[in-house]
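Only one structure is covered here, and it is reproduced in the block below.
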Amino acid sequence: MGQVLVNGIFLGCLFAVVAVGLTLVFGVMEVPNFAHSGIIALSAYATLEASDRGAPFVIAALVGVAAGGVLSVLTEVLAYRWVRNKPTAAPAVALGLLLVLQNSALRLYGGEGKALNTPYQSALWRVGGVSLSGVKVALILLTVVSLATLATVLAKTSLGRAVRAVAQDREAAAMLGIPVQRQYTLAFLIAGLLAGVSAIAYAPTFQVTPYMADEVLLSAFVVVVLGGLGSVWGAIAGGLVLGIVESLGAAYISSSYQSAFGFIALVVILVARPGGLLAPNARRIA
Amino acid sequence: MTRPAVRHGLALAGIVIIGLIGYRLLTTLEGNKGQVCILVMLWTISTTGLNFVQGLAGYPSLAQASFYGGGAYISSLLLQHGHHAVVASLLGVLLTMVGGVLIGLVFARTRGQYFAIGTLFSAAVVTLVLTNSKGVTNGQQGMPVNLAFSPSLTLKLIAISVSAALALFYVIARTRFGERLLSIREDEDLAAHLGVPTARIKLMALVLSSGFGAWAGVLLAQRDGIIAPSQFTFGKGFLMFVAIGLGGYGRLLAPIIGSLLVVGLPELLDLGPGVTQIAVGLLFIVITLVVPGGIIGGLETMGTGLRRTFRRRSKGRTTSTAEALT
């Protein structure tokens with residue numbers, strides 16, 4: 001039981017990092033960013049590339065995070081920016097970007113899985129009957145640090161206040177003189193950096209392939225719906241809940257259907273509340 | 001082309017001709033090209049169904065490939081258990097449509113992005129089930145199919161189905177149901193206020209699309225003699241969505257244009273892994289940004305533009321300045 005909970009928290013942290021990026025972009029710009037999984041994959045490849053060229057792991061990890069940020073901002077500048085007044089076109093652009101990003105990864109690095117080696121991957125602690133691998137500890141630490149930083153930025157700085165204002169009401173924020181365009185770019189930058197963090201955090205447990213993040217992305221979308229589109233704290237809480245639900249299902253029912261348990265959660269929520277749980281701006285979603 | 005009867009007659013004749021051309025290509029092309037031609041035609045049938053939900057109603061349904069797979073797997077499993085060919089194919093379509101009803105009951109009430117996420121996740125679960133229930137579907141390896149139709153009959157059915165699917169779309173798009181779908185695309189809130197039962201209409205469109213997809217799947221299984229989950233992943237569902245977007249939302253011929261670009265192009269231009277997909281992705285983004293009506297919509301706008309300039313020239317300068325003033 002303890003082990004299942006730890007696995008659940010591990011999964012939950014992963015979902016939370018991915019989902020916070022998605023929900024931030026959704027809250028500010030109303031884009032379901034399917035391309036996020038392509039950015040995660042390319043960040044992982046960037047880390048791999050850097051460490052293959054002899055960079056120490058910390059530098060390689062930073063390269064990956066930076067690559068995620070740059071790519072994410074590029075998708076906003078080159079594509080999403082031009083559909084911001086046409087919400088129906090957003091899923092189409094997101095899918096087009098996903099095709100481009102994933103197939104670029106396929107073209108550059110091939111389809112077979114590659115392993116990302118980290119200095120902490122052989123570490124293993126035993127606490128009671130629960131085993132904790134270095135990769136899991138690193139993921140949980142990375143999540144806590146990056147999300148705590150993000151929460152502080154959003155809550156305490158004027159930059160964060162501007163992002164939240166745009167997420168709450170775009171028109172009113174623009175009227176009050178907030179440079180809305182800059183907040184879009186900023187939201188994508190933060191999402192991209194978080195994509196980089198999640199790539200480094202979980203690439204060691206899975207292999208690096210162009211499609212490595214597809215399943216995580218699906219679960220992260222459930223988390224976003226669970227926590228309310230556009231709500232950062234909702235995404236963190238939802239991530240942990242879903243992670244624990246999925247790992248309980250995997251442990252006690254069937255591990256090959258792990259992500260289907262997330263689907264059941266999604267169905268239950270949407271049957272009860274077609275507008276999503278806690279959706280602060282559900283009325284604007286058309 | 002003033003009288004509607006003449007216009008409809010011409011359109012339906014054109015649809016029959018498309019089927020005949022398709023049959024001609026199916027019977028003459030060989031090897032890889034023949035295979036690509038069959039895939040393009042099957043995708044045309046399947047995406048014509050998607051054209052109701054995505055094209056007319058403007059709703060991003062990402063589960064079309066799962067309906068395609070549903071038809072293929074259910075009909076093949078029934079054949080394996082010794083059912084008659086006709087029973088197996090009909091039940092394959094009907095049971096898939098029941099699946100469409102279930103997905104629709106949950107997600108048809110949701111709006112926009114939630115609908116996309118919901119259908120995407122449904123597709124992912126279908127792939128998961130097909131891959132993991134190894135005892136029934138033989139998992140990733142794929143399962144062999146008992147061929148119930150002769151190869152020549154299958155080819156005929158494919159060609160007839162392309163025409164029938166397009167004709168059905170042409171007719172249904174012009175009924176009250178079709179107009180209600182369009183009203184949802186234009187303004188869902190307004191449509192609901194005017195008394196359109198939007199959730200029920202979306203549900204019906206989704207079920208209709210699942211029927212088209214399932215029938216294409218039945219034909220695919222009969223043609224290939226083997227089916228595998230990789231043919232029906234949510235990635236393929238994405239691509240069907242992309243196909244309709246490229247061709248032009250709600251346009252009659254969008255499924256043909258889209259299937260040619262998405263399935264035909266990557267197979268015929270062998271540029272190495274991923275390159276054509278990158279090209280399709282870029283083209284899709286550019287079309288979404290620049291010509292929201294897709295390729296057919298773009299051609300229509302160009303056509304009317306040309307016609308207008310031509311008319312203006314023939315009428316002379318005075319009218320054109322008058323037009324510019326008004």
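Here's how to read the names in the structure tokens: chain A, B, ... by the order shown, residue numbers from 1 in each chain, ligand numbers from 1 in the order shown.
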Next item on the list: Define the interface residues of chain B facing chain A as those within 8 Å, counting only C-alpha atoms, and report them as a PyMOL selection string.
Entry: chain B and resi 58+60+106-107+109-114+116-118+121-122+125+128-129+132+188+238+242+245+272-275+277-282+284-285+288-289
Serialized selection, N, CA and C atoms, as an mmCIF file, in the first residue's frame:
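File again.cif, as written:
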```
data_model
loop_
_atom_site.group_PDB
_atom_site.id
_atom_site.type_symbol
_atom_site.label_atom_id
_atom_site.label_comp_id
_atom_site.auth_asym_id
_atom_site.auth_seq_id
_atom_site.Cartn_x
_atom_site.Cartn_y
_atom_site.Cartn_z
ATOM 1 N N GLY B 58 -18.815 21.748 -36.957
ATOM 2 C CA GLY B 58 -17.631 22.454 -36.465
ATOM 3 C C GLY B 58 -17.087 21.886 -35.179
ATOM 4 N N PRO B 60 -14.585 19.333 -33.162
ATOM 5 C CA PRO B 60 -13.392 18.510 -33.403
ATOM 6 C C PRO B 60 -13.555 17.119 -32.796
ATOM 7 N N VAL B 106 -21.994 10.816 -23.392
ATOM 8 C CA VAL B 106 -21.134 11.463 -22.405
ATOM 9 C C VAL B 106 -20.671 12.835 -22.902
ATOM 10 N N PHE B 107 -20.200 12.890 -24.151
ATOM 11 C CA PHE B 107 -19.467 14.087 -24.563
ATOM 12 C C PHE B 107 -20.261 15.063 -25.421
ATOM 13 N N ARG B 109 -22.818 16.657 -24.744
ATOM 14 C CA ARG B 109 -23.292 17.815 -23.980
ATOM 15 C C ARG B 109 -22.165 18.805 -23.704
ATOM 16 N N THR B 110 -20.921 18.369 -23.879
ATOM 17 C CA THR B 110 -19.806 19.270 -23.578
ATOM 18 C C THR B 110 -19.560 20.207 -24.754
ATOM 19 N N ARG B 111 -18.815 21.271 -24.466
ATOM 20 C CA ARG B 111 -18.559 22.275 -25.483
ATOM 21 C C ARG B 111 -17.118 22.200 -25.970
ATOM 22 N N GLY B 112 -16.924 22.649 -27.198
ATOM 23 C CA GLY B 112 -15.606 22.905 -27.786
ATOM 24 C C GLY B 112 -14.459 22.032 -27.342
ATOM 25 N N GLN B 113 -13.561 22.632 -26.560
ATOM 26 C CA GLN B 113 -12.304 21.971 -26.214
ATOM 27 C C GLN B 113 -12.527 20.686 -25.419
ATOM 28 N N TYR B 114 -13.553 20.680 -24.549
ATOM 29 C CA TYR B 114 -13.839 19.481 -23.772
ATOM 30 C C TYR B 114 -14.201 18.327 -24.698
ATOM 31 N N ALA B 116 -13.124 17.903 -27.744
ATOM 32 C CA ALA B 116 -11.878 17.422 -28.353
ATOM 33 C C ALA B 116 -11.136 16.506 -27.390
ATOM 34 N N ILE B 117 -11.006 16.938 -26.127
ATOM 35 C CA ILE B 117 -10.279 16.139 -25.146
ATOM 36 C C ILE B 117 -10.997 14.813 -24.909
ATOM 37 N N GLY B 118 -12.320 14.861 -24.795
ATOM 38 C CA GLY B 118 -13.103 13.659 -24.531
ATOM 39 C C GLY B 118 -13.008 12.643 -25.653
ATOM 40 N N PHE B 121 -9.567 11.100 -25.789
ATOM 41 C CA PHE B 121 -9.330 10.101 -24.755
ATOM 42 C C PHE B 121 -10.089 8.812 -25.053
ATOM 43 N N SER B 122 -11.308 8.923 -25.585
ATOM 44 C CA SER B 122 -12.046 7.713 -25.965
ATOM 45 C C SER B 122 -11.229 6.907 -26.968
ATOM 46 N N VAL B 125 -8.465 5.040 -25.322
ATOM 47 C CA VAL B 125 -8.915 3.848 -24.588
ATOM 48 C C VAL B 125 -9.207 2.708 -25.551
ATOM 49 N N LEU B 128 -6.037 1.165 -26.436
ATOM 50 C CA LEU B 128 -5.539 0.409 -25.281
ATOM 51 C C LEU B 128 -6.216 -0.957 -25.205
ATOM 52 N N VAL B 129 -7.544 -0.976 -25.407
ATOM 53 C CA VAL B 129 -8.290 -2.236 -25.329
ATOM 54 C C VAL B 129 -7.859 -3.171 -26.459
ATOM 55 N N ASN B 132 -4.393 -4.530 -25.617
ATOM 56 C CA ASN B 132 -4.181 -5.319 -24.407
ATOM 57 C C ASN B 132 -5.036 -6.567 -24.280
ATOM 58 N N GLU B 188 -23.531 28.322 -31.485
ATOM 59 C CA GLU B 188 -24.236 27.283 -30.745
ATOM 60 C C GLU B 188 -25.233 27.858 -29.744
ATOM 61 N N PHE B 238 -6.307 11.745 -35.338
ATOM 62 C CA PHE B 238 -5.786 13.090 -35.606
ATOM 63 C C PHE B 238 -5.737 13.337 -37.103
ATOM 64 N N VAL B 242 -7.271 16.098 -39.525
ATOM 65 C CA VAL B 242 -6.444 16.954 -40.375
ATOM 66 C C VAL B 242 -6.940 16.896 -41.819
ATOM 67 N N GLY B 245 -9.896 19.120 -42.301
ATOM 68 C CA GLY B 245 -9.479 20.512 -42.205
ATOM 69 C C GLY B 245 -8.757 20.973 -43.463
ATOM 70 N N GLY B 272 11.563 9.657 -46.965
ATOM 71 C CA GLY B 272 12.163 9.289 -45.684
ATOM 72 C C GLY B 272 11.172 9.498 -44.567
ATOM 73 N N PRO B 273 11.452 8.903 -43.383
ATOM 74 C CA PRO B 273 10.465 8.918 -42.316
ATOM 75 C C PRO B 273 10.153 10.326 -41.844
ATOM 76 N N GLY B 274 8.867 10.637 -41.774
ATOM 77 C CA GLY B 274 8.462 11.886 -41.141
ATOM 78 C C GLY B 274 8.399 13.105 -42.034
ATOM 79 N N VAL B 275 9.141 13.122 -43.150
ATOM 80 C CA VAL B 275 9.237 14.374 -43.900
ATOM 81 C C VAL B 275 7.894 14.802 -44.463
ATOM 82 N N GLN B 277 5.040 13.961 -43.359
ATOM 83 C CA GLN B 277 4.165 14.314 -42.237
ATOM 84 C C GLN B 277 4.427 15.750 -41.790
ATOM 85 N N ILE B 278 5.723 16.140 -41.771
ATOM 86 C CA ILE B 278 6.053 17.520 -41.422
ATOM 87 C C ILE B 278 5.402 18.456 -42.435
ATOM 88 N N ALA B 279 5.512 18.089 -43.722
ATOM 89 C CA ALA B 279 4.932 18.930 -44.768
ATOM 90 C C ALA B 279 3.428 19.041 -44.583
ATOM 91 N N VAL B 280 2.760 17.893 -44.310
ATOM 92 C CA VAL B 280 1.304 17.915 -44.110
ATOM 93 C C VAL B 280 0.959 18.791 -42.909
ATOM 94 N N GLY B 281 1.744 18.660 -41.827
ATOM 95 C CA GLY B 281 1.493 19.465 -40.638
ATOM 96 C C GLY B 281 1.616 20.950 -40.934
ATOM 97 N N LEU B 282 2.701 21.331 -41.638
ATOM 98 C CA LEU B 282 2.902 22.751 -41.965
ATOM 99 C C LEU B 282 1.781 23.266 -42.859
ATOM 100 N N PHE B 284 -1.186 22.136 -43.070
ATOM 101 C CA PHE B 284 -2.416 22.206 -42.288
ATOM 102 C C PHE B 284 -2.459 23.497 -41.469
ATOM 103 N N ILE B 285 -1.318 23.838 -40.836
ATOM 104 C CA ILE B 285 -1.287 25.074 -40.039
ATOM 105 C C ILE B 285 -1.522 26.279 -40.943
ATOM 106 N N THR B 288 -5.097 26.456 -42.014
ATOM 107 C CA THR B 288 -5.968 26.889 -40.916
ATOM 108 C C THR B 288 -5.842 28.389 -40.679
ATOM 109 N N LEU B 289 -4.610 28.904 -40.782
ATOM 110 C CA LEU B 289 -4.394 30.319 -40.506
ATOM 111 C C LEU B 289 -4.872 31.196 -41.653
#
```
Note to self: Can you pull out the residues contacting B:Asn32? Cut-off 12 Å, using only C-alpha atoms, and skip same-chain residues under 3 positions away; I want them as an MDAnalysis selection string.
What the structure shows: chainID B and resid 26 29 35:39 264 267:270
Kindly export the residues of the current selection with C-alpha atoms, as an mmCIF file, in the first residue's frame.
```cif
data_model
loop_
_atom_site.group_PDB
_atom_site.id
_atom_site.type_symbol
_atom_site.label_atom_id
_atom_site.label_comp_id
_atom_site.auth_asym_id
_atom_site.auth_seq_id
_atom_site.Cartn_x
_atom_site.Cartn_y
_atom_site.Cartn_z
ATOM 1 C CA LEU B 26 -8.808 0.124 -58.220
ATOM 2 C CA LEU B 29 -3.414 0.143 -60.496
ATOM 3 C CA GLN B 35 -2.859 -0.279 -52.095
ATOM 4 C CA VAL B 36 -2.604 3.513 -51.686
ATOM 5 C CA CYS B 37 -5.654 3.979 -53.911
ATOM 6 C CA ILE B 38 -7.676 1.587 -51.738
ATOM 7 C CA LEU B 39 -6.569 3.337 -48.547
ATOM 8 C CA GLY B 264 -1.768 9.307 -50.598
ATOM 9 C CA GLU B 267 2.977 6.815 -49.521
ATOM 10 C CA LEU B 268 3.701 8.051 -53.026
ATOM 11 C CA LEU B 269 6.452 10.562 -52.211
ATOM 12 C CA ASP B 270 8.982 8.513 -50.322
#
```
Margin query: Set the distance at 7 Å and use only C-alpha atoms: which residues neighbour stretch 15-21 of chain A once local chain neighbours fewer than 2 positions away are removed? I'd like the list as a count of residues only.
Written below: 23
Please identify the strand (DSSP E or B) residues within stretch 72-295 of chain B (assignment by DSSP from backbone atoms) and present them as a PDB file with N, CA and C atoms, in the first residue's frame.
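That gives us states_1.pdb:
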```pdb
ATOM      1  N   MET B 143      -4.761  -9.375 -35.983  1.00  0.00           N
ATOM      2  CA  MET B 143      -5.455 -10.656 -36.144  1.00  0.00           C
ATOM      3  C   MET B 143      -5.794 -10.914 -37.606  1.00  0.00           C
ATOM      4  N   PRO B 144      -5.747 -12.202 -38.000  1.00  0.00           N
ATOM      5  CA  PRO B 144      -6.150 -12.536 -39.366  1.00  0.00           C
ATOM      6  C   PRO B 144      -7.673 -12.469 -39.501  1.00  0.00           C
ATOM      7  N   ILE B 226      -5.964  -8.867 -42.786  1.00  0.00           N
ATOM      8  CA  ILE B 226      -5.326  -8.798 -41.456  1.00  0.00           C
ATOM      9  C   ILE B 226      -5.503  -7.387 -40.930  1.00  0.00           C
ATOM     10  N   ILE B 227      -5.770  -7.283 -39.637  1.00  0.00           N
ATOM     11  CA  ILE B 227      -5.912  -5.943 -39.052  1.00  0.00           C
ATOM     12  C   ILE B 227      -5.093  -5.871 -37.765  1.00  0.00           C
TER      13      ILE B 227
END
```
Next item on the list: Do a neighbour search on B:Ile296 at 10 Å with only C-alpha atoms, toss out local chain neighbours closer than 2 positions, and write the hits as a PyMOL selection string.
Entry: chain B and resi 246-249+251-254+257+291+293-294+298-302
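Within the 10 Å cut-off around B:Val16, using only C-alpha atoms and omitting residues fewer than 5 positions from it on the same chain, the listed residues are Leu10, Ala11, Ile21, Gly22, Ala159, Ile160, Val162, Ser163, Ala164, Leu166 and Ala167 of chain B.
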Checklist line | Non-local contacts of B:Ser210 (9 Å; only C-alpha atoms; under 3 positions in same chain excluded) as a list in words | finding: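 Near neighbours after the sequence-gap exclusion: Ser46, Gly49, Leu50, Ala63, Gln64, Ser66, Phe67, Tyr68, Gly70, Gly71, Val93, Thr96, Met97, Val98, Gly99, Gly100, Val101, Ala205, Leu206, Val207, Gly213, Ala214 and Trp215 of chain B.
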Margin query: Could you pull out the helix (DSSP H, G or I) residues of stretch 73-266 of chain A, going by DSSP on the backbone, and write them as a PyMOL selection string?
Written below: chain A and resi 73-78+80-83+87-109+134-156+158-168+170-175+180-202+214-227+232-252+255-266
Next item on the list: Name the closest residue to A:Thr185 among the candidates A:Ala151, A:Ile40, A:Val163, A:Val73; distances are taken between atoms, counting only C-alpha atoms.
Entry: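 Ranking A:Ala151, A:Ile40, A:Val163, A:Val73 by distance to A:Thr185, first place goes to A:Val73.
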Check: Taking only C-alpha atoms into account, which of A:Val6, A:Ala60, A:Glu76, A:Gly54 comes nearest A:Gly192?
Finding: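 Nearest candidate to A:Gly192 out of A:Val6, A:Ala60, A:Glu76, A:Gly54: A:Glu76.
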Next item on the list: May I ask which of the residues A:Asn85, A:Gln3, A:Ser255, A:Ser43 is the closest one to A:Gly128, counting only C-alpha atoms?
Entry: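 Ranking A:Asn85, A:Gln3, A:Ser255, A:Ser43 by distance to A:Gly128, first place goes to A:Gln3.
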So which residues touch A:Ala61 within 10 Å, counting only C-alpha atoms, skipping near sequence neighbours fewer than 6 positions away, as an mmCIF file with C-alpha atoms, in the first residue's frame?
```cif
data_model
loop_
_atom_site.group_PDB
_atom_site.id
_atom_site.type_symbol
_atom_site.label_atom_id
_atom_site.label_comp_id
_atom_site.auth_asym_id
_atom_site.auth_seq_id
_atom_site.Cartn_x
_atom_site.Cartn_y
_atom_site.Cartn_z
ATOM 1 C CA SER A 43 13.434 18.772 -24.910
ATOM 2 C CA ALA A 44 14.383 15.234 -23.960
ATOM 3 C CA ALA A 46 18.051 18.182 -26.628
ATOM 4 C CA THR A 47 19.232 16.920 -23.221
ATOM 5 C CA LEU A 48 20.348 13.659 -24.803
ATOM 6 C CA ALA A 50 23.980 17.748 -25.089
ATOM 7 C CA SER A 51 25.084 14.877 -22.845
ATOM 8 C CA ALA A 55 28.259 18.134 -21.365
ATOM 9 C CA ALA A 67 15.058 24.137 -25.512
ATOM 10 C CA THR A 118 21.531 10.405 -15.145
ATOM 11 C CA GLY A 196 11.614 20.703 -20.285
ATOM 12 C CA VAL A 197 11.543 19.919 -16.565
ATOM 13 C CA ALA A 199 11.159 15.677 -19.942
ATOM 14 C CA ILE A 200 14.283 15.455 -17.785
ATOM 15 C CA ALA A 201 12.355 14.209 -14.801
#
```
